[in-house]
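File shown here: protein39.txt, holding compact mmCIF, C-alpha atoms.
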```
# COMPACT_ATOMS: atom_id res chain seq x y z
CA MET A 1 -24.72 25.88 -5.43
CA ARG A 2 -22.39 24.10 -3.00
CA ILE A 3 -24.87 21.21 -2.67
CA LEU A 4 -25.36 21.07 -6.44
CA ALA A 5 -21.59 21.00 -7.02
CA THR A 6 -21.23 18.15 -4.56
CA ILE A 7 -23.99 16.16 -6.26
CA MET A 8 -22.51 16.75 -9.71
CA CYS A 9 -19.06 15.67 -8.49
CA ALA A 10 -20.49 12.46 -7.04
CA LEU A 11 -22.32 11.74 -10.28
CA CYS A 12 -19.14 12.38 -12.28
CA VAL A 13 -17.18 9.79 -10.32
CA ALA A 14 -20.07 7.35 -10.23
CA SER A 15 -20.66 7.50 -13.97
CA ALA A 16 -16.96 6.95 -14.62
CA SER A 17 -16.79 4.02 -12.24
CA PHE A 18 -19.71 2.15 -13.79
CA ALA A 19 -18.50 2.18 -17.42
CA ASP A 20 -19.36 -1.23 -18.89
CA ASN A 21 -16.06 -1.83 -20.67
CA VAL A 22 -12.88 0.12 -21.33
CA GLN A 23 -10.36 0.17 -24.16
CA ILE A 24 -7.09 2.10 -23.92
CA GLU A 25 -5.44 2.76 -27.28
CA ASN A 26 -2.09 4.02 -28.62
CA VAL A 27 -0.38 3.51 -25.26
CA THR A 28 3.01 2.16 -24.22
CA VAL A 29 2.34 -0.85 -22.00
CA ILE A 30 4.88 -1.69 -19.29
CA SER A 31 3.47 -5.09 -18.50
CA MET A 32 5.58 -6.00 -15.42
CA ASP A 33 5.45 -9.51 -16.80
CA GLY A 34 8.93 -10.62 -17.80
CA GLY A 35 10.03 -7.14 -18.83
CA GLN A 36 7.65 -6.98 -21.78
CA VAL A 37 7.01 -3.49 -23.20
CA ILE A 38 4.52 -2.94 -26.02
CA LYS A 39 4.44 0.37 -27.88
CA ASP A 40 1.32 1.74 -29.59
CA ALA A 41 -0.64 -0.96 -27.80
CA VAL A 42 -4.32 -1.59 -27.24
CA VAL A 43 -5.60 -2.87 -23.88
CA THR A 44 -9.20 -4.07 -23.73
CA ILE A 45 -11.07 -4.52 -20.45
CA GLU A 46 -14.38 -6.28 -19.97
CA GLY A 47 -15.85 -6.33 -16.49
CA ASP A 48 -12.96 -6.49 -14.04
CA ARG A 49 -10.59 -8.41 -16.35
CA ILE A 50 -8.07 -7.56 -19.03
CA VAL A 51 -9.12 -9.48 -22.14
CA TYR A 52 -6.61 -8.21 -24.69
CA VAL A 53 -3.12 -6.69 -24.69
CA GLY A 54 -1.40 -6.21 -28.03
CA THR A 55 -1.22 -4.31 -31.28
CA VAL A 56 -4.16 -2.56 -32.90
CA ALA A 57 -4.04 -4.94 -35.87
CA ASP A 58 -5.08 -7.89 -33.71
CA ALA A 59 -7.38 -6.03 -31.31
CA PRO A 60 -10.81 -7.63 -30.81
CA HIS A 61 -13.93 -6.13 -32.32
CA LEU A 62 -15.78 -4.24 -29.62
CA HIS A 63 -19.32 -5.20 -28.66
CA GLY A 64 -21.65 -3.29 -26.40
CA THR A 65 -20.77 -0.05 -24.63
CA HIS A 66 -17.08 0.79 -24.40
CA LYS A 67 -15.19 3.75 -23.03
CA ILE A 68 -12.37 4.53 -25.46
CA ILE A 69 -9.33 6.22 -23.89
CA ASP A 70 -6.57 7.73 -25.99
CA GLY A 71 -3.21 6.80 -24.48
CA THR A 72 -1.05 8.60 -27.02
CA GLY A 73 2.24 9.62 -25.41
CA LYS A 74 1.30 7.88 -22.17
CA TYR A 75 2.37 4.74 -20.30
CA LEU A 76 0.19 2.01 -18.82
CA ILE A 77 1.29 0.07 -15.73
CA PRO A 78 -0.42 -2.08 -13.11
CA GLY A 79 -2.06 -0.23 -10.22
CA LEU A 80 -0.08 0.49 -7.07
CA ALA A 81 -0.57 -1.57 -3.91
CA GLU A 82 -0.55 -0.33 -0.33
CA MET A 83 0.68 -3.39 1.52
CA HIS A 84 0.44 -1.91 5.01
CA GLY A 85 -2.61 0.32 5.09
CA HIS A 86 -5.44 0.85 7.53
CA LEU A 87 -9.10 0.79 6.65
CA PRO A 88 -12.25 2.31 8.12
CA TYR A 89 -13.70 0.93 11.33
CA GLY A 90 -17.32 0.43 12.26
CA SER A 91 -17.25 3.58 14.40
CA TRP A 92 -16.48 5.80 11.41
CA GLY A 93 -19.16 7.83 9.70
CA LYS A 94 -20.22 7.23 6.10
CA GLN A 95 -18.48 10.33 4.75
CA GLN A 96 -15.13 9.64 6.44
CA THR A 97 -15.28 6.01 5.33
CA GLU A 98 -15.98 6.78 1.69
CA GLU A 99 -13.44 9.62 1.54
CA THR A 100 -10.68 7.40 2.95
CA LEU A 101 -11.33 4.65 0.44
CA PHE A 102 -11.48 7.15 -2.42
CA LEU A 103 -8.20 8.80 -1.38
CA TYR A 104 -6.40 5.50 -1.92
CA LEU A 105 -7.71 5.44 -5.50
CA ALA A 106 -6.83 9.10 -6.00
CA GLY A 107 -3.19 8.18 -5.43
CA GLY A 108 -3.32 5.28 -7.87
CA VAL A 109 -3.61 2.63 -5.14
CA THR A 110 -5.86 -0.12 -6.46
CA THR A 111 -5.07 -2.76 -3.81
CA VAL A 112 -4.81 -2.38 -0.03
CA ARG A 113 -3.68 -4.99 2.47
CA GLY A 114 -5.58 -3.68 5.48
CA MET A 115 -3.54 -4.39 8.59
CA LEU A 116 -6.00 -4.01 11.45
CA GLY A 117 -9.29 -5.79 11.10
CA ASP A 118 -12.80 -4.67 11.91
CA PRO A 119 -15.85 -6.72 10.81
CA VAL A 120 -17.28 -3.75 8.88
CA GLN A 121 -14.42 -4.14 6.41
CA PHE A 122 -16.02 -7.28 4.97
CA GLU A 123 -19.08 -5.19 4.09
CA LEU A 124 -16.92 -2.43 2.62
CA ARG A 125 -15.05 -4.96 0.49
CA ASP A 126 -18.34 -6.25 -0.91
CA LYS A 127 -19.65 -2.74 -1.61
CA ILE A 128 -16.48 -1.79 -3.47
CA LYS A 129 -16.68 -4.95 -5.54
CA ALA A 130 -20.33 -4.21 -6.38
CA GLY A 131 -19.48 -0.63 -7.37
CA GLU A 132 -21.50 0.93 -4.55
CA ILE A 133 -18.37 2.66 -3.15
CA ALA A 134 -15.29 3.86 -5.03
CA GLY A 135 -12.27 2.13 -3.55
CA PRO A 136 -9.43 -0.35 -4.03
CA THR A 137 -9.62 -4.12 -3.78
CA LEU A 138 -9.24 -5.00 -0.10
CA TYR A 139 -7.38 -7.85 1.59
CA LEU A 140 -8.07 -7.94 5.30
CA ALA A 141 -5.93 -8.77 8.32
CA ALA A 142 -7.77 -10.09 11.35
CA PRO A 143 -7.94 -8.13 14.63
CA SER A 144 -4.53 -7.87 16.24
CA LEU A 145 -2.99 -10.51 18.45
CA ASN A 146 -0.78 -8.71 20.96
CA GLY A 147 0.20 -8.45 24.60
CA ARG A 148 -3.18 -7.06 25.59
CA SER A 149 -5.49 -9.19 23.44
CA VAL A 150 -3.82 -12.54 24.24
CA SER A 151 -3.70 -13.87 27.79
CA SER A 152 -1.98 -17.23 27.27
CA PRO A 153 -0.67 -19.56 24.53
CA GLU A 154 -4.01 -21.37 24.55
CA ASP A 155 -5.92 -18.10 24.20
CA GLY A 156 -3.70 -16.99 21.31
CA GLU A 157 -4.21 -20.25 19.44
CA GLN A 158 -7.97 -20.17 20.04
CA LYS A 159 -8.28 -16.63 18.70
CA LEU A 160 -6.10 -17.46 15.69
CA ARG A 161 -8.28 -20.44 14.80
CA LEU A 162 -11.44 -18.36 15.21
CA TYR A 163 -10.17 -15.60 12.92
CA ALA A 164 -9.02 -18.12 10.33
CA SER A 165 -12.53 -19.58 10.26
CA GLN A 166 -14.11 -16.15 9.75
CA GLY A 167 -12.54 -15.52 6.36
CA TRP A 168 -9.80 -13.00 7.12
CA ASP A 169 -6.90 -13.03 4.68
CA LEU A 170 -4.14 -13.02 7.29
CA GLN A 171 -3.46 -12.55 11.00
CA LYS A 172 -1.99 -9.27 12.29
CA ILE A 173 0.76 -9.56 14.94
CA HIS A 174 1.55 -6.68 17.29
CA PRO A 175 4.19 -6.34 20.05
CA GLY A 176 3.76 -7.71 23.55
CA LEU A 177 3.33 -11.41 22.85
CA SER A 178 5.47 -13.75 24.91
CA LEU A 179 7.54 -16.35 23.09
CA PRO A 180 5.22 -19.24 24.13
CA GLU A 181 2.18 -17.23 22.99
CA TYR A 182 3.79 -16.40 19.65
CA ASP A 183 4.85 -20.01 19.09
CA ALA A 184 1.35 -21.31 19.78
CA ILE A 185 -0.09 -18.82 17.30
CA ALA A 186 2.55 -19.63 14.68
CA ARG A 187 2.06 -23.40 14.99
CA ALA A 188 -1.70 -23.09 14.53
CA ALA A 189 -1.33 -20.63 11.65
CA ASN A 190 1.13 -22.86 9.80
CA GLU A 191 -1.08 -25.90 10.38
CA LEU A 192 -4.08 -24.07 8.91
CA GLY A 193 -2.16 -22.37 6.11
CA PHE A 194 -3.31 -19.03 7.51
CA PRO A 195 -0.56 -16.41 7.05
CA PHE A 196 0.46 -14.13 9.89
CA GLY A 197 2.55 -10.99 9.76
CA GLY A 198 3.23 -7.51 11.06
CA HIS A 199 5.49 -6.60 13.95
CA VAL A 200 8.07 -8.85 15.60
CA PRO A 201 7.51 -9.00 19.40
CA ALA A 202 10.61 -8.25 21.47
CA ASP A 203 10.57 -11.69 23.13
CA VAL A 204 10.53 -13.34 19.69
CA GLY A 205 13.19 -11.57 17.65
CA ILE A 206 13.85 -11.50 13.93
CA ASP A 207 15.69 -14.80 13.63
CA HIS A 208 12.93 -16.78 15.35
CA ALA A 209 10.17 -14.96 13.45
CA LEU A 210 11.77 -15.85 10.12
CA LYS A 211 12.18 -19.48 11.14
CA SER A 212 8.52 -19.53 12.23
CA HIS A 213 7.45 -18.62 8.66
CA GLN A 214 6.01 -15.19 9.50
CA ILE A 215 4.83 -14.02 6.10
CA SER A 216 5.84 -10.39 6.51
CA VAL A 217 7.94 -8.23 8.78
CA ASP A 218 6.48 -4.74 8.63
CA HIS A 219 8.29 -1.48 9.46
CA MET A 220 11.81 -3.02 9.81
CA ASP A 221 12.04 -1.80 13.43
CA GLY A 222 12.54 -5.41 14.50
CA TYR A 223 15.64 -5.58 12.32
CA LEU A 224 17.13 -2.46 13.88
CA GLU A 225 16.43 -3.83 17.36
CA TRP A 226 18.06 -7.15 16.43
CA LEU A 227 21.14 -5.54 14.88
CA GLY A 228 21.55 -2.73 17.41
CA GLY A 229 20.86 -0.20 14.71
CA TYR A 230 19.33 2.45 16.97
CA THR A 231 22.62 3.27 18.66
CA LYS A 232 25.42 2.39 16.22
CA GLU A 233 26.17 2.47 12.54
CA LEU A 234 25.62 -0.94 11.03
CA THR A 235 28.28 -2.62 8.92
CA ASP A 236 28.24 -4.30 5.54
CA GLN A 237 28.50 -7.59 7.43
CA ASP A 238 25.34 -6.73 9.39
CA PHE A 239 23.44 -5.97 6.20
CA ALA A 240 24.72 -9.10 4.45
CA HIS A 241 23.63 -11.30 7.35
CA ALA A 242 20.15 -9.74 7.42
CA VAL A 243 19.80 -10.19 3.67
CA ALA A 244 20.95 -13.80 3.73
CA ILE A 245 18.59 -15.06 6.41
CA THR A 246 15.64 -13.04 5.14
CA ARG A 247 16.04 -14.13 1.53
CA ALA A 248 16.36 -17.76 2.62
CA SER A 249 13.17 -17.54 4.68
CA GLY A 250 11.05 -16.08 1.86
CA THR A 251 9.53 -13.61 4.32
CA TRP A 252 8.28 -10.32 2.88
CA ILE A 253 9.50 -6.94 4.09
CA VAL A 254 7.12 -3.97 4.09
CA PRO A 255 9.31 -1.05 5.17
CA THR A 256 6.86 1.87 5.82
CA GLN A 257 10.04 3.88 5.55
CA GLU A 258 8.89 7.50 5.37
CA LEU A 259 6.69 7.37 8.47
CA PHE A 260 9.15 5.45 10.63
CA ASN A 261 12.15 7.52 9.59
CA THR A 262 10.40 10.69 10.73
CA PHE A 263 8.36 9.67 13.75
CA TYR A 264 9.42 6.26 15.06
CA SER A 265 13.21 6.16 14.89
CA ARG A 266 13.68 6.31 18.67
CA GLY A 267 15.57 9.58 18.76
CA GLU A 268 14.85 10.61 22.34
CA ASP A 269 18.37 12.02 22.73
CA TYR A 270 18.19 14.06 19.52
CA PRO A 271 16.66 17.51 18.82
CA VAL A 272 13.01 17.89 17.87
CA LEU A 273 12.08 18.75 14.33
CA SER A 274 12.84 22.38 13.54
CA ASP A 275 10.12 24.91 12.79
CA GLU A 276 11.20 24.82 9.16
CA GLN A 277 10.89 21.03 9.01
CA VAL A 278 7.42 21.20 10.54
CA LYS A 279 6.43 23.89 8.02
CA VAL A 280 7.50 21.59 5.19
CA LEU A 281 5.25 18.84 6.57
CA LEU A 282 2.36 21.26 6.98
CA ALA A 283 2.80 22.51 3.40
CA ARG A 284 2.14 19.11 1.84
CA PRO A 285 -0.73 19.58 -0.62
CA GLU A 286 -2.43 16.32 0.38
CA ASN A 287 -3.10 17.75 3.84
CA ALA A 288 -6.05 19.50 2.20
CA TYR A 289 -7.90 16.17 2.25
CA VAL A 290 -7.89 15.54 6.01
CA PRO A 291 -9.97 17.19 8.75
CA ARG A 292 -8.53 20.30 10.36
CA ALA A 293 -8.61 18.69 13.84
CA MET A 294 -6.54 15.78 12.55
CA LEU A 295 -4.03 18.12 10.93
CA THR A 296 -3.69 19.96 14.25
CA ARG A 297 -2.92 16.68 16.02
CA TRP A 298 -0.36 15.83 13.36
CA GLU A 299 1.35 19.18 13.88
CA GLN A 300 1.54 18.55 17.63
CA THR A 301 3.10 15.16 17.01
CA ALA A 302 5.60 16.65 14.56
CA ARG A 303 6.68 19.34 17.00
CA SER A 304 7.64 16.68 19.54
CA ALA A 305 9.27 14.28 17.03
CA THR A 306 12.98 13.58 17.53
CA PRO A 307 14.32 11.70 14.49
CA ASN A 308 17.37 9.53 15.12
CA PRO A 309 19.85 10.10 12.26
CA VAL A 310 21.79 6.92 13.08
CA ALA A 311 18.66 4.78 12.85
CA ILE A 312 17.47 6.55 9.70
CA GLN A 313 20.79 5.98 7.95
CA ASN A 314 20.73 2.31 8.97
CA ARG A 315 17.15 1.88 7.77
CA GLN A 316 17.94 3.40 4.39
CA GLN A 317 21.05 1.26 3.93
CA LEU A 318 19.24 -1.88 5.04
CA LEU A 319 16.42 -1.17 2.60
CA LYS A 320 18.91 -0.78 -0.23
CA ALA A 321 20.67 -3.99 0.81
CA PHE A 322 17.35 -5.87 0.79
CA ALA A 323 16.48 -4.52 -2.67
CA ASP A 324 19.87 -5.37 -4.14
CA GLY A 325 19.97 -8.74 -2.37
CA GLY A 326 16.79 -10.23 -3.81
CA VAL A 327 14.66 -10.09 -0.66
CA ASN A 328 10.87 -10.03 -1.11
CA LEU A 329 9.92 -6.35 -0.78
CA ALA A 330 6.52 -4.69 -1.10
CA LEU A 331 5.48 -1.07 -0.80
CA GLY A 332 3.54 0.12 2.24
CA SER A 333 3.14 3.39 4.13
CA ASP A 334 0.95 2.65 7.20
CA ALA A 335 -1.66 5.19 6.08
CA PRO A 336 -3.59 6.86 7.50
CA GLN A 337 -1.04 7.91 10.09
CA THR A 338 0.74 11.14 10.98
CA PHE A 339 1.16 13.10 7.72
CA SER A 340 0.42 9.85 5.84
CA VAL A 341 -2.66 10.62 3.76
CA PRO A 342 -4.05 7.49 2.07
CA GLY A 343 -2.88 7.09 -1.50
CA PHE A 344 -0.55 10.05 -1.40
CA SER A 345 1.56 8.53 1.37
CA ILE A 346 2.65 5.91 -1.15
CA TRP A 347 4.04 8.79 -3.23
CA ARG A 348 6.03 9.91 -0.18
CA GLU A 349 7.26 6.35 0.30
CA ILE A 350 8.45 6.22 -3.30
CA GLU A 351 10.38 9.46 -2.77
CA VAL A 352 12.17 8.12 0.33
CA MET A 353 13.04 4.88 -1.46
CA ALA A 354 14.57 6.81 -4.32
CA GLU A 355 16.62 8.74 -1.76
CA ALA A 356 17.82 5.39 -0.37
CA GLY A 357 19.26 4.58 -3.79
CA LEU A 358 16.64 2.15 -5.08
CA THR A 359 16.36 2.20 -8.85
CA PRO A 360 13.12 3.07 -10.66
CA ALA A 361 12.89 -0.59 -11.70
CA GLN A 362 13.16 -1.78 -8.09
CA ILE A 363 10.53 0.67 -6.88
CA LEU A 364 8.16 -0.14 -9.74
CA GLU A 365 8.51 -3.84 -8.93
CA MET A 366 7.77 -3.29 -5.23
CA ALA A 367 4.72 -1.20 -6.01
CA THR A 368 3.06 -3.42 -8.63
CA ALA A 369 4.28 -6.92 -9.50
CA ALA A 370 5.55 -7.87 -6.04
CA PRO A 371 2.15 -7.51 -4.32
CA GLY A 372 0.66 -9.60 -7.12
CA ARG A 373 3.12 -12.40 -6.29
CA TYR A 374 2.33 -12.04 -2.58
CA PHE A 375 -1.38 -12.53 -3.26
CA LYS A 376 -1.01 -15.03 -6.11
CA ASP A 377 -3.27 -17.50 -4.29
CA LYS A 378 -6.05 -14.89 -4.06
CA ASP A 379 -6.24 -13.41 -7.57
CA ASP A 380 -4.24 -12.50 -10.65
CA PHE A 381 -3.09 -8.87 -10.60
CA GLY A 382 0.07 -6.79 -10.64
CA ALA A 383 0.70 -7.21 -14.37
CA VAL A 384 -0.85 -5.92 -17.58
CA THR A 385 -1.68 -9.33 -19.00
CA VAL A 386 -4.73 -11.13 -20.31
CA GLY A 387 -6.82 -12.57 -17.48
CA ALA A 388 -5.40 -10.28 -14.81
CA ARG A 389 -7.65 -8.07 -12.73
CA ALA A 390 -7.91 -4.73 -14.50
CA ASP A 391 -6.01 -2.58 -11.99
CA LEU A 392 -4.08 -0.03 -14.03
CA ILE A 393 -2.60 3.47 -14.01
CA LEU A 394 -2.28 5.65 -17.09
CA LEU A 395 0.86 7.76 -16.64
CA ASP A 396 1.97 10.95 -18.35
CA ALA A 397 5.67 10.03 -18.09
CA ASP A 398 7.86 6.92 -18.14
CA PRO A 399 8.36 5.46 -14.63
CA ARG A 400 11.44 3.57 -15.83
CA GLU A 401 13.27 6.87 -16.14
CA ASP A 402 12.24 8.37 -12.79
CA ALA A 403 10.25 6.63 -10.06
CA MET A 404 8.47 9.89 -9.24
CA ASN A 405 6.80 9.63 -12.62
CA LEU A 406 4.56 7.09 -10.87
CA THR A 407 2.80 10.12 -9.38
CA LYS A 408 2.04 11.72 -12.76
CA GLN A 409 -1.27 9.97 -13.25
CA ALA A 410 -3.71 10.67 -16.08
CA GLY A 411 -6.24 8.14 -14.84
CA VAL A 412 -6.80 4.99 -12.81
CA VAL A 413 -8.58 1.72 -13.55
CA ALA A 414 -9.63 -0.18 -10.42
CA ALA A 415 -11.15 -3.61 -11.02
CA GLY A 416 -12.27 -2.46 -14.46
CA ARG A 417 -13.71 0.91 -13.38
CA TRP A 418 -12.16 3.94 -15.07
CA TYR A 419 -11.49 7.11 -13.05
CA SER A 420 -10.25 9.97 -15.20
CA ARG A 421 -7.88 12.63 -13.89
CA GLU A 422 -10.72 15.13 -14.22
CA ALA A 423 -13.14 13.03 -12.17
CA ILE A 424 -10.52 12.36 -9.49
CA ASP A 425 -9.56 16.03 -9.24
CA ALA A 426 -13.20 17.09 -9.02
CA ARG A 427 -13.82 14.76 -6.09
CA LEU A 428 -10.58 15.87 -4.40
CA ALA A 429 -11.58 19.51 -4.78
CA GLU A 430 -14.91 18.77 -3.08
CA ILE A 431 -13.14 16.99 -0.21
CA ALA A 432 -10.68 19.88 0.18
CA ALA A 433 -13.48 22.45 0.18
CA ARG A 434 -15.30 20.58 2.92
CA HIS A 435 -12.23 20.48 5.18
CA ALA A 436 -11.10 24.05 4.31
CA ASN A 437 -7.58 23.63 5.73
```
Can you give me the file's structure in the form of structure tokens?
Amino acid sequence: MRILATIMCALCVASASFADNVQIENVTVISMDGGQVIKDAVVTIEGDRIVYVGTVADAPHLHGTHKIIDGTGKYLIPGLAEMHGHLPYGSWGKQQTEETLFLYLAGGVTTVRGMLGDPVQFELRDKIKAGEIAGPTLYLAAPSLNGRSVSSPEDGEQKLRLYASQGWDLQKIHPGLSLPEYDAIARAANELGFPFGGHVPADVGIDHALKSHQISVDHMDGYLEWLGGYTKELTDQDFAHAVAITRASGTWIVPTQELFNTFYSRGEDYPVLSDEQVKVLLARPENAYVPRAMLTRWEQTARSATPNPVAIQNRQQLLKAFADGGVNLALGSDAPQTFSVPGFSIWREIEVMAEAGLTPAQILEMATAAPGRYFKDKDDFGAVTVGARADLILLDADPREDAMNLTKQAGVVAAGRWYSREAIDARLAEIAARHAN
């Protein structure tokens, strides 16, 4: 019976994902395109594209096989993007690989900017596109350039040029690069039009990274280092300066706030998490979808974590200043990491951003339209508009009223493939039963 249930669950998701065309009716569309909202709308999808958005009176006549979805009382938005996620490696088994990719979808994440490259990810991207695996659209960062992988400026430039020629979407930067090595990489990247982003090496610093046209600063730890925010409360002047130079540079910020607040805030002189705080982490329902051995390692990490309240307060205030100051912001969680389950970790990130004082509109923008602007040279997505890639979430509640309504998902469309709440829950139940946490 267990084997039969697993087969039936797989067939349920597969049959949903291969629907020829989809039409969603009687729905409120929040287009994320100039603030347009359409009530009682019809959205028609053919292949992986949106072909119609509008009223029922002008809706096109359907031809061929269509899946009709009743959106009465529901809201339709673009899919969420994970702009600092990690993807399976070649050493992973088939089951772990496919579960990880599905978990992103289960959280409404239809796009992932994978931030640590492995050649197998090209194959996975193709299989997802062909419908052989259920997963989000993938954009891939090349293998990391860092203090261990780069031996000289010449070596860094050579590796950058090689990765650019191999078809990666961007270059990942990690700590440890010397300033000459970083500059050689940046010069070559800018010459080739090959974006580079990630961490800011200590020898480089925020100001120089922004002037070097680094496309994204991920985690914001470089900002705290630059401003002294690990040991003192930052001032309004500090925040204003950071906002001004970042906005002028056009660089994107991907905060990964929830993970770094808890585990990477450099709180060596502060108490470890209490038993009650660890219990709260262990009680997260999404833990059911990870292997027991991994959950045990996460618990060990949590019991030695020493959050720094000064740094956390500074991070939250800096994030709010960036959002209010017009800086390019995009949502990312660094999943899968400690207590960061793919897909669901974006929900945790949304919660922390709301706690920082970001409005529902700001969070919705970061999660949907902003990634579409970041990748505007790659494809058209991040808005519910004709011609855009059909990445959508059907919500049970209005996300403009409460950002946590982004987690109340009735179904997901990923590149035109419809995944109902029932199909998603069935697959999640099978994953949870296998791990038996």
Calculated over all atoms listed in the file, which of the candidates A:Leu224, A:Ala302, A:Val56, A:Ala423 has the smallest distance to Leu318 (chain A)?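 Checking each of A:Leu224, A:Ala302, A:Val56, A:Ala423 against Leu318 (chain A), counting all atoms listed in the file, the winner is A:Leu224.
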Show which residues sit within 12 Å of Asp380 (chain A), as a list in words. Count all atoms listed in the file, and ignore same-chain residues fewer than 2 positions away.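 Near neighbours after the sequence-gap exclusion: Asp33, Asp48, Arg49, Ile50, Pro78, Thr111, Thr368, Ala369, Ala370, Pro371, Gly372, Arg373, Tyr374, Phe375, Lys376, Asp377, Lys378, Gly382, Ala383, Val384, Thr385, Val386, Gly387, Ala388, Arg389, Ala390, Asp391 and Ala415 of chain A.
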Taking into account only C-alpha atoms, which residue in the set A:Ala367, A:Ile38, A:Asn190, A:Phe239 is nearest to Val112 (chain A)?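 Checking each candidate against Val112 (chain A), we get A:Ala367 as the closest.
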d(CA of Gly167 (chain A), CA of Val254 (chain A)) in Å: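 CA of Val254 (chain A) lies at a distance of 22.9 Å from CA of Gly167 (chain A).
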Would you mind listing what lies within 7 Å of Gly343 (chain A) as a PyMOL selection string, with only C-alpha atoms counted and same-chain residues fewer than 4 positions away left out? chain A and resi 103-109
CA of Glu286 (chain A) to CA of Asp425 (chain A), straight-line distance in Å: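 Taking CA of Asp425 (chain A) as the start and CA of Glu286 (chain A) as the end point, the length is 12.0 Å.
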Quick one: residues within 8 Å of Ile431 (chain A), only C-alpha atoms, excluding same-chain residues fewer than 2 positions away - as a list of chain:residue names?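 The filter keeps A:Glu99, A:Ala288, A:Tyr289, A:Arg427, A:Leu428, A:Ala429, A:Ala433, A:Arg434, A:His435.
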Taking all atoms listed in the file into account, name the residue in A:Gln214, A:Ser304, A:Ser165, A:Gln158 that is nearest to Leu273 (chain A).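 Nearest candidate to Leu273 (chain A) out of A:Gln214, A:Ser304, A:Ser165, A:Gln158: A:Ser304.
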Could you give me, as a compact mmCIF listing (two decimals) with C-alpha atoms, in the coordinates of the input, the residues that have an atom at most 9 Å away from the point (-1.0, 2.7, -29.9) in the coordinates of the file, using only C-alpha atoms?
```
# COMPACT_ATOMS: atom_id res chain seq x y z
CA ILE A 24 -7.09 2.10 -23.92
CA GLU A 25 -5.44 2.76 -27.28
CA ASN A 26 -2.09 4.02 -28.62
CA VAL A 27 -0.38 3.51 -25.26
CA THR A 28 3.01 2.16 -24.22
CA ILE A 38 4.52 -2.94 -26.02
CA LYS A 39 4.44 0.37 -27.88
CA ASP A 40 1.32 1.74 -29.59
CA ALA A 41 -0.64 -0.96 -27.80
CA VAL A 42 -4.32 -1.59 -27.24
CA THR A 55 -1.22 -4.31 -31.28
CA VAL A 56 -4.16 -2.56 -32.90
CA ASP A 70 -6.57 7.73 -25.99
CA GLY A 71 -3.21 6.80 -24.48
CA THR A 72 -1.05 8.60 -27.02
CA GLY A 73 2.24 9.62 -25.41
```
Once you count only C-alpha atoms, which residues end up no further than 8 Å from (0.2, 2.8, -11.7) in the file's frame, shown as a list in words?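 Checking each residue against the 8 Å limit leaves Leu76, Ile77, Pro78, Gly79, Leu80, Gly108, Val109, Thr368, Leu392, Ile393, Leu394, Leu395, Leu406, Gln409 and Val412 of chain A.
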Please provide as a PyMOL selection string all residues within 8 Å of Ser333 (chain A), with the sequence filter that same-chain residues fewer than 2 positions apart are discarded (counting all atoms listed in the file). chain A and resi 82-85+255-259+331+335+340+345-346+349
Would you compute the distance between CA of Ala414 (chain A) and CA of Pro136 (chain A)? Give it in Å to one decimal.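 Going from CA of Ala414 (chain A) over to CA of Pro136 (chain A) covers 6.4 Å.
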Would you mind telling me which residue in A:Phe339, A:Tyr139, A:Trp418, A:Tyr75 lies nearest to Asp379 (chain A) when using only C-alpha atoms? A:Tyr139
If you count only C-alpha atoms, which residues fall within 12 Å of Asp169 (chain A), apart from same-chain ones fewer than 4 positions away, as a PyMOL selection string? chain A and resi 112-117+121-122+138-143+160+163-165+189+193-197+215+374-375+377-378
C-alpha atoms of the current selection, written as a compact mmCIF listing (two decimals), in the coordinates of the input:
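Heads up, here's the output in selection.txt:
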```txt
# COMPACT_ATOMS: atom_id res chain seq x y z
CA VAL A 112 -4.81 -2.38 -0.03
CA ARG A 113 -3.68 -4.99 2.47
CA GLY A 114 -5.58 -3.68 5.48
CA MET A 115 -3.54 -4.39 8.59
CA LEU A 116 -6.00 -4.01 11.45
CA GLY A 117 -9.29 -5.79 11.10
CA GLN A 121 -14.42 -4.14 6.41
CA PHE A 122 -16.02 -7.28 4.97
CA LEU A 138 -9.24 -5.00 -0.10
CA TYR A 139 -7.38 -7.85 1.59
CA LEU A 140 -8.07 -7.94 5.30
CA ALA A 141 -5.93 -8.77 8.32
CA ALA A 142 -7.77 -10.09 11.35
CA PRO A 143 -7.94 -8.13 14.63
CA LEU A 160 -6.10 -17.46 15.69
CA TYR A 163 -10.17 -15.60 12.92
CA ALA A 164 -9.02 -18.12 10.33
CA SER A 165 -12.53 -19.58 10.26
CA ALA A 189 -1.33 -20.63 11.65
CA GLY A 193 -2.16 -22.37 6.11
CA PHE A 194 -3.31 -19.03 7.51
CA PRO A 195 -0.56 -16.41 7.05
CA PHE A 196 0.46 -14.13 9.89
CA GLY A 197 2.55 -10.99 9.76
CA ILE A 215 4.83 -14.02 6.10
CA TYR A 374 2.33 -12.04 -2.58
CA PHE A 375 -1.38 -12.53 -3.26
CA ASP A 377 -3.27 -17.50 -4.29
CA LYS A 378 -6.05 -14.89 -4.06
```
When you count only C-alpha atoms, which of these residues is closest to Asn437 (chain A): A:Ala202, A:Leu227, A:Leu282, A:Ile185?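 Closest to Asn437 (chain A) of all the choices is A:Leu282.
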Just checking: using all atoms listed in the file, which residue out of A:Ala209, A:Gly156, A:Gly198, A:Ile312 ends up closest to Lys232 (chain A)?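 Nearest to Lys232 (chain A): A:Ile312.
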Box along x, y and z, 8 Å on every side, all listed atoms of region 220-239 of chain A inside: centre and edge lengths in Å to one decimal, as lines of an AutoDock Vina configuration file.
```
center_x = 20.2
center_y = -2.2
center_z = 12.1
size_x = 32.7
size_y = 26.9
size_z = 29.1
```
